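A.B. asks: The structure's right below; bear with me while I get my questions together.
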Amino acid sequence: MDIAVIVKFLAPCLPFLLTMGNKAAEGASQKVGEDVWNSAKVIWAKLWPKVEAKEAAKEAAEDVAKNPDDEDLQVSLRVQLKKILEADTKLAEEIAKILQTHKSDGGSSVVNAQSYDESTQINAGRDVVKPNFSRTYNNPK
(Lines give C-alpha, C1' and ligand atoms only; values in the text may rest on other atoms or scores of the structure.)
Protein backbone atom coordinates (compact mmCIF):
# COMPACT_ATOMS: atom_id res chain seq x y z
CA MET A 1 0.00 0.00 0.00
CA ASP A 2 1.27 3.43 -0.90
CA ILE A 3 1.18 5.57 2.25
CA ALA A 4 1.80 8.70 0.15
CA VAL A 5 -1.56 8.19 -1.59
CA ILE A 6 -3.31 7.91 1.77
CA VAL A 7 -1.71 11.13 3.00
CA LYS A 8 -2.49 12.99 -0.24
CA PHE A 9 -6.06 11.72 0.00
CA LEU A 10 -6.52 12.65 3.67
CA ALA A 11 -4.57 15.94 3.77
CA PRO A 12 -7.33 18.21 2.41
CA CYS A 13 -9.84 16.48 4.70
CA LEU A 14 -7.83 16.62 7.93
CA PRO A 15 -8.90 20.13 8.94
CA PHE A 16 -12.48 18.84 8.90
CA LEU A 17 -11.76 15.37 10.28
CA LEU A 18 -10.05 16.77 13.36
CA THR A 19 -12.99 19.09 14.04
CA MET A 20 -15.76 16.50 13.67
CA GLY A 21 -18.94 17.69 15.28
CA ASN A 22 -18.14 21.34 14.68
CA LYS A 23 -19.97 23.41 12.11
CA ALA A 24 -16.74 23.54 10.09
CA ALA A 25 -16.99 19.82 9.33
CA GLU A 26 -20.37 20.34 7.67
CA GLY A 27 -18.76 22.15 4.71
CA ALA A 28 -16.18 19.43 4.10
CA SER A 29 -18.18 17.56 1.48
CA GLN A 30 -18.65 20.77 -0.48
CA LYS A 31 -14.92 21.48 -0.44
CA VAL A 32 -13.54 18.01 -1.23
CA GLY A 33 -16.55 16.26 -2.76
CA GLU A 34 -19.09 13.91 -1.25
CA ASP A 35 -17.42 10.62 -2.23
CA VAL A 36 -13.97 11.76 -1.08
CA TRP A 37 -15.38 13.02 2.22
CA ASN A 38 -17.27 9.78 2.90
CA SER A 39 -14.22 7.62 2.15
CA ALA A 40 -11.96 9.89 4.19
CA LYS A 41 -14.30 9.64 7.19
CA VAL A 42 -14.25 5.83 7.03
CA ILE A 43 -10.46 5.68 6.69
CA TRP A 44 -9.91 8.23 9.43
CA ALA A 45 -12.31 6.44 11.80
CA LYS A 46 -10.07 3.38 11.49
CA LEU A 47 -6.79 5.30 11.76
CA TRP A 48 -7.70 7.82 14.47
CA PRO A 49 -7.49 5.50 17.53
CA LYS A 50 -3.94 4.50 16.54
CA VAL A 51 -2.97 8.08 15.64
CA GLU A 52 -4.41 9.44 18.88
CA ALA A 53 -2.53 6.85 20.94
CA LYS A 54 0.81 7.88 19.44
CA GLU A 55 1.77 11.45 20.33
CA ALA A 56 4.10 11.96 17.33
CA ALA A 57 1.40 10.77 14.91
CA LYS A 58 -1.24 12.95 16.54
CA GLU A 59 1.03 15.99 16.31
CA ALA A 60 1.83 15.23 12.65
CA ALA A 61 -1.89 14.95 11.84
CA GLU A 62 -2.62 18.23 13.61
CA ASP A 63 0.22 19.94 11.72
CA VAL A 64 -1.12 18.73 8.36
CA ALA A 65 -4.62 19.83 9.37
CA LYS A 66 -3.28 23.35 9.94
CA ASN A 67 -1.43 23.43 6.61
CA PRO A 68 -2.64 20.61 4.30
CA ASP A 69 -0.51 21.68 1.33
CA ASP A 70 2.83 21.65 3.17
CA GLU A 71 4.86 18.79 1.68
CA ASP A 72 7.23 18.60 4.65
CA LEU A 73 4.37 18.18 7.09
CA GLN A 74 2.86 15.51 4.85
CA VAL A 75 6.16 13.61 4.93
CA SER A 76 6.07 13.68 8.72
CA LEU A 77 2.54 12.29 8.75
CA ARG A 78 3.49 9.71 6.13
CA VAL A 79 6.33 8.43 8.34
CA GLN A 80 4.01 8.13 11.32
CA LEU A 81 1.27 6.36 9.34
CA LYS A 82 3.85 4.01 7.88
CA LYS A 83 4.92 2.99 11.38
CA ILE A 84 1.32 2.51 12.46
CA LEU A 85 0.34 0.46 9.41
CA GLU A 86 3.50 -1.68 9.49
CA ALA A 87 2.73 -2.54 13.12
CA ASP A 88 -0.94 -3.32 12.35
CA THR A 89 -1.15 -5.22 9.07
CA LYS A 90 -4.85 -5.95 9.57
CA LEU A 91 -5.57 -2.21 9.68
CA ALA A 92 -3.42 -1.70 6.60
CA GLU A 93 -5.44 -4.35 4.74
CA GLU A 94 -8.73 -2.74 5.78
CA ILE A 95 -7.62 0.66 4.52
CA ALA A 96 -6.33 -0.86 1.27
CA LYS A 97 -9.77 -2.45 0.74
CA ILE A 98 -11.51 0.88 1.34
CA LEU A 99 -9.26 2.61 -1.18
CA GLN A 100 -9.73 -0.21 -3.69
CA THR A 101 -13.52 -0.11 -3.24
CA HIS A 102 -13.46 3.65 -3.68
CA LYS A 103 -11.55 3.32 -6.97
CA SER A 104 -13.73 0.49 -8.28
CA ASP A 105 -16.93 2.39 -7.43
CA GLY A 106 -15.90 5.04 -9.90
CA GLY A 107 -14.39 7.30 -7.28
CA SER A 108 -11.33 8.54 -9.03
CA SER A 109 -10.31 10.85 -6.22
CA VAL A 110 -7.55 8.62 -4.90
CA VAL A 111 -6.11 8.26 -8.36
CA ASN A 112 -6.64 11.95 -9.03
CA ALA A 113 -4.85 12.91 -5.84
CA GLN A 114 -1.75 11.19 -7.11
CA SER A 115 -2.07 11.99 -10.79
CA TYR A 116 -3.02 15.59 -10.04
CA ASP A 117 0.11 15.92 -7.96
CA GLU A 118 2.27 14.40 -10.68
CA SER A 119 0.75 16.58 -13.40
CA THR A 120 1.27 19.62 -11.22
CA GLN A 121 4.92 18.72 -10.83
CA ILE A 122 5.29 18.18 -14.56
CA ASN A 123 3.48 21.40 -15.44
CA ALA A 124 5.34 23.45 -12.87
CA GLY A 125 8.69 21.94 -13.68
CA ARG A 126 8.70 22.07 -17.46
CA ASP A 127 6.98 23.68 -20.36
CA VAL A 128 4.78 26.07 -18.42
CA VAL A 129 7.54 28.60 -17.80
CA LYS A 130 9.32 28.24 -21.14
CA PRO A 131 7.16 26.33 -23.56
CA ASN A 132 9.06 24.45 -26.20
CA PHE A 133 7.32 24.94 -29.53
CA SER A 134 8.68 23.44 -32.68
CA ARG A 135 7.39 24.59 -35.99
CA THR A 136 8.04 23.40 -39.49
CA TYR A 137 7.73 25.89 -42.30
CA ASN A 138 7.41 24.94 -45.95
CA ASN A 139 9.98 27.14 -47.58
CA PRO A 140 9.47 27.37 -51.33
CA LYS A 141 13.22 27.71 -52.00
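Numbering starts fresh at 1 for the residues of each chain in the C-alpha coordinates, the chains themselves are lettered A, B, ... in the order given, and ligands are numbered from 1 as they appear.
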Just the residues within 9 Å of Glu62 in chain A, please, counting only C-alpha atoms, with nothing from its chain fewer than 4 positions along; format it as a list in words.
C.D. replies: Leu14, Pro15, Leu18, Ala57, Lys58, Lys66 and Asn67 of chain A
A.B. asks: If I take CA of Ala53 in chain A and CA of Asp35 in chain A, how far is one from the other in Å, to one decimal?
C.D. replies: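 Going from CA of Ala53 in chain A over to CA of Asp35 in chain A, I get 27.8 Å.
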A.B. asks: Which residues are close to Val75 in chain A, i.e. within 12 Å by only C-alpha atoms, leaving aside same-chain residues fewer than 4 positions away? Reply as number ranges by chain.
C.D. replies: A: 3-8, 11, 57, 60-61, 63-64, 68-71, 79-82
A.B. asks: Next, the residues of the selection above should be written as a PDB file, in the first residue's frame with N, CA and C atoms.
C.D. replies:
ATOM      1  N   ILE A   3       1.554   4.661   1.166  1.00  0.00           N
ATOM      2  CA  ILE A   3       1.181   5.574   2.246  1.00  0.00           C
ATOM      3  C   ILE A   3       1.046   7.003   1.714  1.00  0.00           C
ATOM      4  N   ALA A   4       1.852   7.352   0.722  1.00  0.00           N
ATOM      5  CA  ALA A   4       1.797   8.700   0.155  1.00  0.00           C
ATOM      6  C   ALA A   4       0.413   9.002  -0.419  1.00  0.00           C
ATOM      7  N   VAL A   5      -0.213   7.994  -1.030  1.00  0.00           N
ATOM      8  CA  VAL A   5      -1.556   8.187  -1.587  1.00  0.00           C
ATOM      9  C   VAL A   5      -2.552   8.443  -0.459  1.00  0.00           C
ATOM     10  N   ILE A   6      -2.406   7.706   0.636  1.00  0.00           N
ATOM     11  CA  ILE A   6      -3.315   7.905   1.772  1.00  0.00           C
ATOM     12  C   ILE A   6      -3.172   9.328   2.310  1.00  0.00           C
ATOM     13  N   VAL A   7      -1.936   9.782   2.464  1.00  0.00           N
ATOM     14  CA  VAL A   7      -1.707  11.129   3.002  1.00  0.00           C
ATOM     15  C   VAL A   7      -2.238  12.188   2.041  1.00  0.00           C
ATOM     16  N   LYS A   8      -1.976  12.031   0.748  1.00  0.00           N
ATOM     17  CA  LYS A   8      -2.492  12.987  -0.243  1.00  0.00           C
ATOM     18  C   LYS A   8      -4.022  13.009  -0.233  1.00  0.00           C
ATOM     19  N   ALA A  11      -5.058  14.595   3.423  1.00  0.00           N
ATOM     20  CA  ALA A  11      -4.574  15.938   3.767  1.00  0.00           C
ATOM     21  C   ALA A  11      -5.633  17.035   3.629  1.00  0.00           C
ATOM     22  N   ALA A  57       2.357  10.877  16.018  1.00  0.00           N
ATOM     23  CA  ALA A  57       1.398  10.767  14.913  1.00  0.00           C
ATOM     24  C   ALA A  57       0.284  11.792  15.067  1.00  0.00           C
ATOM     25  N   ALA A  60       1.666  15.138  14.108  1.00  0.00           N
ATOM     26  CA  ALA A  60       1.835  15.226  12.651  1.00  0.00           C
ATOM     27  C   ALA A  60       0.493  15.464  11.968  1.00  0.00           C
ATOM     28  N   ALA A  61      -0.550  14.769  12.420  1.00  0.00           N
ATOM     29  CA  ALA A  61      -1.887  14.950  11.841  1.00  0.00           C
ATOM     30  C   ALA A  61      -2.403  16.371  12.092  1.00  0.00           C
ATOM     31  N   ASP A  63      -0.571  19.021  12.544  1.00  0.00           N
ATOM     32  CA  ASP A  63       0.218  19.937  11.722  1.00  0.00           C
ATOM     33  C   ASP A  63      -0.290  19.963  10.283  1.00  0.00           C
ATOM     34  N   VAL A  64      -0.593  18.795   9.732  1.00  0.00           N
ATOM     35  CA  VAL A  64      -1.118  18.732   8.363  1.00  0.00           C
ATOM     36  C   VAL A  64      -2.494  19.374   8.297  1.00  0.00           C
ATOM     37  N   PRO A  68      -2.540  21.843   5.090  1.00  0.00           N
ATOM     38  CA  PRO A  68      -2.643  20.609   4.299  1.00  0.00           C
ATOM     39  C   PRO A  68      -1.754  20.549   3.065  1.00  0.00           C
ATOM     40  N   ASP A  69      -1.313  21.684   2.550  1.00  0.00           N
ATOM     41  CA  ASP A  69      -0.508  21.681   1.329  1.00  0.00           C
ATOM     42  C   ASP A  69       0.998  21.610   1.587  1.00  0.00           C
ATOM     43  N   ASP A  70       1.405  21.657   2.830  1.00  0.00           N
ATOM     44  CA  ASP A  70       2.827  21.650   3.169  1.00  0.00           C
ATOM     45  C   ASP A  70       3.401  20.246   2.987  1.00  0.00           C
ATOM     46  N   GLU A  71       4.266  20.098   2.006  1.00  0.00           N
ATOM     47  CA  GLU A  71       4.857  18.788   1.676  1.00  0.00           C
ATOM     48  C   GLU A  71       5.680  18.220   2.831  1.00  0.00           C
ATOM     49  N   VAL A  79       5.436   9.265   7.523  1.00  0.00           N
ATOM     50  CA  VAL A  79       6.327   8.426   8.337  1.00  0.00           C
ATOM     51  C   VAL A  79       5.564   7.820   9.513  1.00  0.00           C
ATOM     52  N   GLN A  80       4.764   8.627  10.164  1.00  0.00           N
ATOM     53  CA  GLN A  80       4.008   8.130  11.322  1.00  0.00           C
ATOM     54  C   GLN A  80       2.968   7.091  10.912  1.00  0.00           C
ATOM     55  N   LEU A  81       2.261   7.342   9.800  1.00  0.00           N
ATOM     56  CA  LEU A  81       1.269   6.363   9.336  1.00  0.00           C
ATOM     57  C   LEU A  81       1.945   5.075   8.878  1.00  0.00           C
ATOM     58  N   LYS A  82       3.108   5.202   8.306  1.00  0.00           N
ATOM     59  CA  LYS A  82       3.851   4.014   7.877  1.00  0.00           C
ATOM     60  C   LYS A  82       4.174   3.144   9.080  1.00  0.00           C
TER      61      LYS A  82
END
